[in-house]
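One file, final_16.cif, is given below (mmCIF, C-alpha atoms).
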data_start
loop_
_atom_site.label_atom_id
_atom_site.label_comp_id
_atom_site.auth_asym_id
_atom_site.auth_seq_id
_atom_site.Cartn_x
_atom_site.Cartn_y
_atom_site.Cartn_z
CA MET C 1 -126.40 -174.48 5.96
CA ALA C 2 -123.42 -172.67 4.46
CA ARG C 3 -124.21 -169.76 2.21
CA LEU C 4 -122.73 -169.58 -1.29
CA GLU C 5 -119.94 -167.07 -1.52
CA ASN C 6 -119.91 -164.53 -4.29
CA PRO C 7 -123.13 -165.58 -6.11
CA SER C 8 -122.43 -163.08 -8.89
CA ARG C 9 -119.38 -165.10 -9.92
CA ILE C 10 -121.52 -168.23 -10.17
CA ARG C 11 -124.08 -166.41 -12.29
CA ARG C 12 -121.34 -165.15 -14.60
CA PHE C 13 -120.00 -168.68 -14.94
CA ILE C 14 -123.45 -170.00 -15.88
CA ARG C 15 -123.92 -167.29 -18.49
CA ASP C 16 -120.40 -167.60 -19.87
CA GLU C 17 -120.47 -168.84 -23.51
CA SER C 18 -116.77 -168.69 -24.28
CA GLY C 19 -115.64 -171.94 -25.90
CA ALA C 20 -119.16 -172.78 -27.10
CA ALA C 21 -118.06 -172.56 -30.73
CA MET C 22 -115.38 -175.17 -30.14
CA VAL C 23 -117.89 -177.56 -28.56
CA GLU C 24 -120.34 -177.03 -31.42
CA PHE C 25 -117.58 -177.59 -33.96
CA ALA C 26 -116.57 -180.85 -32.27
CA MET C 27 -120.18 -182.07 -32.48
CA VAL C 28 -120.70 -181.01 -36.09
CA VAL C 29 -117.37 -182.24 -37.45
CA VAL C 30 -118.13 -185.80 -36.31
CA VAL C 31 -121.42 -185.79 -38.22
CA PHE C 32 -119.70 -184.21 -41.22
CA PHE C 33 -117.01 -186.88 -41.44
CA LEU C 34 -119.61 -189.63 -40.98
CA MET C 35 -121.55 -188.22 -43.92
CA ILE C 36 -118.40 -187.99 -46.07
CA ALA C 37 -117.44 -191.57 -45.20
CA SER C 38 -120.92 -192.86 -46.04
CA ILE C 39 -120.99 -191.00 -49.38
CA ILE C 40 -117.61 -192.46 -50.35
CA ASP C 41 -118.67 -195.98 -49.31
CA PHE C 42 -121.95 -195.84 -51.20
CA GLY C 43 -120.18 -194.40 -54.24
CA ILE C 44 -117.68 -197.26 -54.35
CA PHE C 45 -120.45 -199.81 -53.79
CA ALA C 46 -122.58 -198.34 -56.60
CA SER C 47 -119.57 -198.24 -58.92
CA ASN C 48 -118.79 -201.91 -58.24
CA ASN C 49 -122.40 -202.87 -58.98
CA LEU C 50 -122.39 -200.87 -62.21
CA MET C 51 -119.14 -202.46 -63.41
CA ALA C 52 -120.49 -205.92 -62.58
CA GLU C 53 -123.68 -205.22 -64.53
CA LYS C 54 -121.74 -203.99 -67.58
CA SER C 55 -119.46 -207.03 -67.35
CA VAL C 56 -122.44 -209.39 -67.49
CA GLN C 57 -123.73 -207.53 -70.54
CA ILE C 58 -120.37 -208.10 -72.24
CA ALA C 59 -120.44 -211.76 -71.20
CA ALA C 60 -123.90 -212.26 -72.71
CA ARG C 61 -122.90 -210.50 -75.92
CA VAL C 62 -119.82 -212.71 -76.33
CA ALA C 63 -121.79 -215.87 -75.47
CA THR C 64 -124.22 -215.24 -78.34
CA VAL C 65 -121.44 -215.40 -80.94
CA ARG C 66 -119.34 -218.23 -79.54
CA PRO C 67 -119.76 -222.01 -79.27
CA PRO C 68 -121.81 -223.06 -76.21
CA ALA C 69 -120.24 -222.56 -72.79
CA CYS C 70 -121.91 -225.79 -71.64
CA ALA C 71 -120.59 -229.29 -72.21
CA GLU C 72 -124.11 -230.67 -72.76
CA PHE C 73 -125.11 -231.28 -76.37
CA ILE C 74 -126.60 -228.28 -78.14
CA PRO C 75 -127.51 -228.78 -81.81
CA GLU C 76 -126.05 -226.55 -84.48
CA ARG C 77 -129.20 -226.55 -86.64
CA TYR C 78 -132.94 -226.95 -86.34
CA SER C 79 -134.23 -230.38 -87.37
CA VAL C 80 -137.75 -231.29 -88.52
CA GLY C 81 -140.37 -231.25 -85.77
CA THR C 82 -143.62 -233.20 -85.45
CA ALA C 83 -145.74 -231.03 -87.76
CA ILE C 84 -147.78 -232.96 -90.34
CA PRO C 85 -147.29 -232.52 -93.18
CA ALA C 86 -143.64 -231.66 -92.60
CA PRO C 87 -142.92 -228.08 -93.67
CA ARG C 88 -140.27 -227.23 -96.21
CA PHE C 89 -136.78 -226.32 -95.12
CA GLY C 90 -136.50 -222.59 -94.69
CA THR C 91 -139.91 -222.35 -93.01
CA SER C 92 -139.88 -220.12 -89.95
CA CYS C 93 -140.12 -222.15 -86.76
CA GLY C 94 -142.89 -219.86 -85.55
CA ALA C 95 -144.92 -220.00 -88.79
CA VAL C 96 -146.15 -223.58 -88.31
CA PRO C 97 -146.70 -225.23 -84.91
CA ASN C 98 -144.00 -227.83 -84.21
CA ALA C 99 -142.26 -227.05 -87.50
CA CYS C 100 -138.88 -227.30 -85.77
CA ALA C 101 -137.76 -229.76 -83.13
CA MET C 102 -137.09 -227.73 -80.00
CA PRO C 103 -134.03 -228.90 -78.02
CA ALA C 104 -134.18 -229.05 -74.25
CA GLU C 105 -133.01 -226.10 -72.19
CA VAL C 106 -129.37 -226.41 -71.15
CA THR C 107 -127.91 -224.76 -68.04
CA CYS C 108 -124.39 -224.94 -66.64
CA VAL C 109 -121.93 -223.01 -64.52
CA GLY C 110 -118.80 -221.51 -65.97
CA SER C 111 -115.77 -223.75 -66.25
CA ALA C 112 -112.17 -222.88 -67.03
CA SER C 113 -111.99 -226.01 -69.20
CA ASN C 114 -114.52 -224.52 -71.63
CA ALA C 115 -113.01 -222.19 -74.22
CA THR C 116 -116.02 -219.85 -74.36
CA ALA C 117 -116.43 -219.56 -70.60
CA SER C 118 -112.69 -219.09 -70.18
CA GLU C 119 -112.58 -216.31 -72.80
CA ILE C 120 -115.52 -214.52 -71.20
CA TRP C 121 -114.00 -214.80 -67.74
CA ALA C 122 -110.68 -213.38 -68.94
CA ARG C 123 -112.51 -210.34 -70.32
CA ILE C 124 -114.75 -209.50 -67.37
CA SER C 125 -112.98 -210.77 -64.24
CA PRO C 126 -110.94 -207.56 -63.64
CA GLN C 127 -114.18 -205.56 -63.32
CA LEU C 128 -115.98 -207.92 -60.94
CA PRO C 129 -116.15 -207.68 -57.12
CA ALA C 130 -113.33 -209.35 -55.24
CA GLY C 131 -113.99 -212.97 -54.40
CA THR C 132 -115.97 -213.94 -57.49
CA ASP C 133 -114.85 -216.89 -59.59
CA ILE C 134 -115.66 -218.34 -62.99
CA ASP C 135 -118.13 -220.82 -61.49
CA ASP C 136 -120.21 -217.87 -60.24
CA LEU C 137 -121.30 -217.44 -63.87
CA THR C 138 -124.30 -219.43 -65.06
CA PHE C 139 -125.05 -219.98 -68.74
CA THR C 140 -128.52 -220.97 -69.95
CA TYR C 141 -129.55 -221.82 -73.52
CA THR C 142 -133.35 -221.69 -73.83
CA PRO C 143 -135.15 -222.65 -77.06
CA ASP C 144 -137.62 -220.14 -78.47
CA PRO C 145 -140.05 -221.37 -81.17
CA LYS C 146 -140.32 -217.83 -82.54
CA LEU C 147 -136.64 -217.74 -83.47
CA GLY C 148 -134.89 -219.47 -86.34
CA TYR C 149 -136.06 -221.47 -89.33
CA LEU C 150 -136.13 -225.13 -90.29
CA GLY C 151 -132.66 -226.28 -91.31
CA GLY C 152 -131.09 -223.04 -90.20
CA PRO C 153 -128.68 -222.40 -87.31
CA TYR C 154 -130.04 -223.06 -83.83
CA VAL C 155 -130.97 -219.71 -82.25
CA PRO C 156 -131.69 -220.05 -78.53
CA GLU C 157 -132.07 -217.31 -75.98
CA VAL C 158 -128.72 -217.05 -74.21
CA THR C 159 -128.79 -216.01 -70.56
CA VAL C 160 -125.70 -215.19 -68.52
CA GLU C 161 -126.16 -214.73 -64.79
CA LEU C 162 -123.62 -213.60 -62.21
CA THR C 163 -124.19 -214.64 -58.61
CA VAL C 164 -121.80 -213.00 -56.17
CA PRO C 165 -121.18 -215.39 -53.25
CA GLU C 166 -122.87 -214.50 -49.97
CA ASP C 167 -119.49 -214.70 -48.24
CA TYR C 168 -118.35 -211.65 -50.19
CA SER C 169 -119.92 -208.29 -49.47
CA PHE C 170 -118.90 -204.65 -49.41
CA PRO C 171 -117.81 -203.47 -45.92
CA PHE C 172 -118.92 -200.06 -44.68
CA ALA C 173 -116.48 -198.08 -42.53
CA ILE C 174 -119.31 -195.85 -41.29
CA ASP C 175 -120.50 -198.58 -38.94
CA SER C 176 -117.19 -198.63 -37.08
CA LEU C 177 -117.07 -194.83 -36.94
CA VAL C 178 -120.58 -194.57 -35.50
CA ASN C 179 -119.83 -197.22 -32.91
CA LEU C 180 -116.61 -195.42 -31.98
CA ALA C 181 -118.35 -192.06 -31.65
CA SER C 182 -121.41 -193.32 -29.76
CA GLY C 183 -119.85 -196.09 -27.71
CA ALA C 184 -122.50 -198.49 -29.00
CA THR C 185 -121.80 -202.00 -30.20
CA GLU C 186 -124.50 -202.37 -32.85
CA THR C 187 -125.91 -199.43 -34.77
CA LEU C 188 -125.81 -199.76 -38.55
CA PRO C 189 -125.25 -202.67 -40.95
CA ASP C 190 -121.52 -203.17 -41.45
CA HIS C 191 -121.87 -204.41 -45.03
CA MET C 192 -124.14 -204.55 -48.07
CA ASP C 193 -124.63 -207.56 -50.30
CA TYR C 194 -124.00 -207.29 -54.02
CA LYS C 195 -126.81 -207.76 -56.51
CA ASN C 196 -127.16 -210.74 -58.81
CA PHE C 197 -127.15 -209.84 -62.49
CA SER C 198 -128.83 -211.65 -65.37
CA ILE C 199 -128.80 -210.68 -69.05
CA THR C 200 -130.66 -212.50 -71.86
CA LEU C 201 -129.97 -212.03 -75.57
CA PRO C 202 -130.95 -214.03 -78.67
CA GLY C 203 -128.16 -216.24 -79.96
CA GLU C 204 -126.52 -215.22 -83.21
CA ASP C 205 -123.82 -217.74 -84.11
CA LEU C 206 -123.22 -220.84 -81.98
CA ALA C 207 -121.28 -222.66 -84.68
CA ASN C 208 -118.12 -224.50 -83.76
CA GLY C 209 -115.91 -222.71 -86.26
CA THR C 210 -113.04 -220.41 -85.41
CA ASP C 211 -114.23 -217.76 -82.91
CA GLY C 212 -117.84 -218.87 -83.38
#

Let's see the structure in the file written out as structure tokens.
Amino acid sequence: MARLENPSRIRRFIRDESGAAMVEFAMVVVVFFLMIASIIDFGIFASNNLMAEKSVQIAARVATVRPPACAEFIPERYSVGTAIPAPRFGTSCGAVPNACAMPAEVTCVGSASNATASEIWARISPQLPAGTDIDDLTFTYTPDPKLGYLGGPYVPEVTVELTVPEDYSFPFAIDSLVNLASGATETLPDHMDYKNFSITLPGEDLANGTDG
């Protein structure tokens, strides 16, 4: 068996730490850039969600003071219900059971052919995630017996909901970076799905006059 020549040189090589800082830097800088990329991605994703939520709030506010966004019939005023004896006009719908005839709930998706839905979409579409369309908005008019009075304007609860299609999500670059650094093929989710937003407000003026 051949003997090792100059063992002191081998020991010095093992104990040599020159260049260690460069190796440590290379390891740390990868983690640092991954953290920066993830912070930026999550920040953009959170900002998009916040803008979408605020947009739905605007949509609901506009819908409460405009004619219905649905083509189905929605009455302009409360008619007499089934209460006996019939209450006087001006009686609160919640004061006497069945004082007012409660219309059926009406639900529809947004349509560009509807003036109210089209106006709302023109206001909020620039702030919504890419890929959403007007038919991703849902309008619901729900009667509430505690609102309104007999003979007065119909006051439903107006709900506007935004459903971002499943085909559209926010991509995360961190997944590709981790895979590139580790050589793996599947490590982290490469996208996050957007939330669905729903806002409900009491109607104020659903008349068919100019601008509500």

Output the residue selection produced by the PyMOL selection byres ((chain C and resi 76-92) around 8) on the file above, formatted as a ChimeraX atom specification. /C:74-75,93-102,146-154,206-207

When the PyMOL selection byres ((chain C and resi 37-51) around 7) is applied to the file above, which residues end up in the set, as a VMD selection string? chain C and resid 33 to 36 52 to 55 127 to 129 170 172 174 194

Dump as a short mmCIF file (atom, residue, chain, number, x, y, z; two decimals), in the frame of the given file, selection limited to C-alpha atoms:
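Below you can see again-v3.cif, which holds the result:
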data_model
loop_
_atom_site.label_atom_id
_atom_site.label_comp_id
_atom_site.auth_asym_id
_atom_site.auth_seq_id
_atom_site.Cartn_x
_atom_site.Cartn_y
_atom_site.Cartn_z
CA PHE C 33 -117.01 -186.88 -41.44
CA LEU C 34 -119.61 -189.63 -40.98
CA MET C 35 -121.55 -188.22 -43.92
CA ILE C 36 -118.40 -187.99 -46.07
CA ALA C 52 -120.49 -205.92 -62.58
CA GLU C 53 -123.68 -205.22 -64.53
CA LYS C 54 -121.74 -203.99 -67.58
CA SER C 55 -119.46 -207.03 -67.35
CA GLN C 127 -114.18 -205.56 -63.32
CA LEU C 128 -115.98 -207.92 -60.94
CA PRO C 129 -116.15 -207.68 -57.12
CA PHE C 170 -118.90 -204.65 -49.41
CA PHE C 172 -118.92 -200.06 -44.68
CA ILE C 174 -119.31 -195.85 -41.29
CA TYR C 194 -124.00 -207.29 -54.02
#

Can you tell me which residues surround C:Asp144 at a distance of at most 8 Å, considering only C-alpha atoms, apart from same-chain residues fewer than 6 positions away, and format the answer as a tab-separated table (two decimals) with C-alpha atoms, in the coordinates of the input?
chain	number	residue	atom	x	y	z
C	102	MET	CA	-137.09	-227.73	-80.00
C	155	VAL	CA	-130.97	-219.71	-82.25
C	156	PRO	CA	-131.69	-220.05	-78.53
C	157	GLU	CA	-132.07	-217.31	-75.98

Which distance in Å separates atom CA of C:Glu105 and atom CA of C:Phe73, to one decimal? 10.3 Å

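If you measure from each of C:Ile120, C:Val65, C:Ala59, C:Met22 to C:Ile199 using only C-alpha atoms, the closest one turns out to be C:Ala59.
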
Distance in Å - atom CA of C:Arg61 versus atom CA of C:Asp135: 18.4 Å

In terms of the shortest atom-to-atom distance over only C-alpha atoms, which of C:Ala69, C:Cys108, C:Val164, C:Ala117 is closest to C:Ala130?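 For C:Ala130, the nearest of the given residues is C:Val164.
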
Would you mind reading off the distance between atom CA of C:Ser125 and atom CA of C:Arg66, one decimal, in Å? 18.2 Å

Stretch 93-106 of chain C: axis-aligned bounding box, 6 Å on each side, centre and edge lengths in Å, one decimal, as lines of an AutoDock Vina configuration file:
center_x = -138.0
center_y = -224.8
center_z = -80.0
size_x = 29.3
size_y = 21.9
size_z = 29.6

At a cut-off of 8 Å, using all atoms listed in the file, what residues contact C:Val158? Leave out same-chain residues fewer than 4 positions from it and give the result as JSON, numbers by chain. {"C": [60, 63, 64, 139, 140, 141, 142, 200, 201, 202, 203]}

Export of the given selection (C-alpha atoms) as a compact mmCIF listing (two decimals), in the coordinates of the input:
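For reference, selection.txt as written:
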# COMPACT_ATOMS: atom_id res chain seq x y z
CA ALA C 60 -123.90 -212.26 -72.71
CA ALA C 63 -121.79 -215.87 -75.47
CA THR C 64 -124.22 -215.24 -78.34
CA PHE C 139 -125.05 -219.98 -68.74
CA THR C 140 -128.52 -220.97 -69.95
CA TYR C 141 -129.55 -221.82 -73.52
CA THR C 142 -133.35 -221.69 -73.83
CA THR C 200 -130.66 -212.50 -71.86
CA LEU C 201 -129.97 -212.03 -75.57
CA PRO C 202 -130.95 -214.03 -78.67
CA GLY C 203 -128.16 -216.24 -79.96

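Remark: for C:Trp121, the closest of the candidate residues C:Pro103, C:Val160, C:Phe197, C:Val31 is C:Val160 (distances computed over all atoms listed in the file).
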
Selected residue, from C:Leu162, C:Thr132, C:Val62, C:Pro145, that lies nearest to C:Val109 when counting all atoms listed in the file: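 Answer, going by the shortest atom-to-atom distance: C:Leu162.
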
Given the choices C:Glu204, C:Val28, C:Ala71, C:Lys195, which gets closest to C:Val56 if the distance is worked out from only C-alpha atoms?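 Going through C:Glu204, C:Val28, C:Ala71, C:Lys195 one by one, the smallest distance to C:Val56 is for C:Lys195.
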